[in-house]
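For reference, the structure discussed in these notes is given below.
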Amino acid sequence: MIRKPSLVLWAALAGALPDIIPAIFGILRWRSEYFRDMVSQKFAEDPRDSYMIVYRYAHSLLPITLLAAVLAIFYPAWWLVTIPYYLHIFMDIFTHKGVWGTRLFYPISDFHIEGRDWWRNKWFSIVNWCVLIVINAIIFLI
């Protein structure tokens with residue numbers, strides 16, 4: 001069902017939304033300063049508090065689960081589009097740590113697992129890409 005052309009594009013967008021949402025917030029809030037700080041890695045090392053609130057909501061299981069429930073009730077075929085969003089969060093649990101650690105139940109809890117910095121370990125990145133390929137193959141072959 002998710003292979004319908006209209007759903008595939010929405011699913012791809014949903015998989016990227018946990019990072020797109022805070023990026024759009026950063027662009028709207030700080031404009032060129034956001035891009036400059038991202039390129040210099042200043043933003044990654046010392047993110048602003050308001051950005052982190054948006055980032056943590058976007059990476060929390062609570063908002064997406066609420067949306068998935070609403071979709072399942074009112075648009076049953078569309079709840080599948082939330083699966084890539086969940087997969088993004090699942091991957092981030094193990095590939096982010098410190099301030100960027102995925103707060104699974106934000107804002108109710110600050111609980112997170114100290115993952116690994118994927119950009120500091122080439123083998124971790126290779127495994128990460130292989131898992132993404134397998135997940136996409138499963139989605140398109142089901």
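Going through the structure tokens in order, the chains are called A, B, and so on, while each chain numbers its residues from 1 and the ligands are numbered from 1 in the order shown.
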Alpha helix (DSSP H) residues, from DSSP on the backbone, in chain A, as a PyMOL selection string: chain A and resi 5-30+32-39+42-45+49-58+61-74+83-95+122-141
Which polymer residues have any atom within 9 Å of an atom of stretch 58-62 of chain A, counting only C-alpha atoms, with same-chain residues fewer than 2 positions away left out, as a compact mmCIF listing (two decimals) with C-alpha atoms, in the first residue's frame?
# COMPACT_ATOMS: atom_id res chain seq x y z
CA LEU A 17 10.86 15.52 8.60
CA PRO A 18 12.56 15.07 11.99
CA ASP A 19 15.53 17.00 10.55
CA ILE A 20 13.58 19.26 8.17
CA ILE A 21 11.32 20.68 10.90
CA PRO A 22 14.14 22.09 13.07
CA ILE A 53 13.19 22.50 21.93
CA VAL A 54 11.96 22.23 18.33
CA TYR A 55 14.58 19.56 17.58
CA ARG A 56 13.55 17.45 20.58
CA ILE A 64 4.40 11.39 15.82
CA THR A 65 2.40 8.76 17.71
CA LEU A 66 -0.43 11.26 18.21
CA LEU A 67 -0.34 12.09 14.49
CA TYR A 85 9.44 9.00 10.57
CA TYR A 86 9.61 6.31 13.28
CA HIS A 88 14.39 8.02 11.43
CA ILE A 89 13.92 8.39 15.19
CA ASP A 92 18.94 8.54 15.60
CA THR A 102 17.19 11.56 20.94
CA ARG A 103 14.81 12.34 23.82
CA LEU A 104 12.26 9.61 23.15
CA PHE A 105 9.42 10.95 25.27
CA TYR A 106 10.11 14.68 25.19
CA PRO A 107 8.67 16.87 26.79
CA ILE A 108 7.49 14.38 29.43
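When only C-alpha atoms are used to compute distances to A:Gly98, the closest of the residues A:Leu141, A:Ala44, A:Leu28, A:Cys130 turns out to be A:Ala44.
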Selected residue of minimal separation from A:Glu45 among A:Asp110, A:Lys97, A:Phe25, A:Val131, counting only C-alpha atoms: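 Nearest candidate to A:Glu45 out of A:Asp110, A:Lys97, A:Phe25, A:Val131: A:Lys97.
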For atom CA of A:Arg36 and atom CA of A:Leu13, the interatomic separation in Å (one decimal):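 Value for the atom CA of A:Arg36-atom CA of A:Leu13 distance: 25.1 Å.
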Spatial neighbours of A:Phe94, 12 Å, only C-alpha atoms, chain gap at least 5 places, as a PyMOL selection string: chain A and resi 87-89+100-104+112-118+124-125+127-128
Nearby residues (only C-alpha atoms) at most 12 Å from A:Trp78, same-chain spacing under 2 positions excluded, as a ChimeraX atom specification: /A:1-4,6-11,14,67-76,80-83
Expected file: the selected residues, C-alpha atoms, as a compact mmCIF listing (two decimals), in the first residue's frame:
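As a result, out.txt now contains:
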# COMPACT_ATOMS: atom_id res chain seq x y z
CA MET A 1 0.00 0.00 0.00
CA ILE A 2 2.88 2.41 0.71
CA ARG A 3 4.22 1.80 -2.81
CA LYS A 4 1.44 3.88 -4.32
CA SER A 6 1.35 9.35 -3.99
CA LEU A 7 2.30 7.65 -0.69
CA VAL A 8 5.95 6.99 -1.60
CA LEU A 9 6.71 10.69 -1.94
CA TRP A 10 4.93 11.47 1.32
CA ALA A 11 6.77 8.60 3.04
CA ALA A 14 8.09 11.91 6.44
CA LEU A 67 -0.34 12.09 14.49
CA ALA A 68 -0.24 8.39 13.55
CA ALA A 69 -3.30 7.75 15.74
CA VAL A 70 -5.23 10.62 14.13
CA LEU A 71 -4.28 9.38 10.66
CA ALA A 72 -5.25 5.79 11.55
CA ILE A 73 -8.68 6.97 12.67
CA PHE A 74 -9.50 9.49 9.94
CA TYR A 75 -7.25 8.43 7.02
CA PRO A 76 -6.45 4.73 7.56
CA LEU A 80 1.78 4.01 6.99
CA VAL A 81 3.46 7.24 5.96
CA THR A 82 4.55 7.71 9.59
CA ILE A 83 6.69 4.55 9.51
Pick from A:Ala137, A:Ala12, A:Ala77, A:Val99 nearest to A:Phe43, counting only C-alpha atoms: A:Val99
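You will find atom CA of A:Ala23 at 24.9 Å from atom CA of A:Ile126.
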Coordinates-based distance that separates atom CA of A:Lys42 from atom CA of A:Gly15 (Å, one decimal):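 Atom CA of A:Lys42 lies 25.8 Å from atom CA of A:Gly15.
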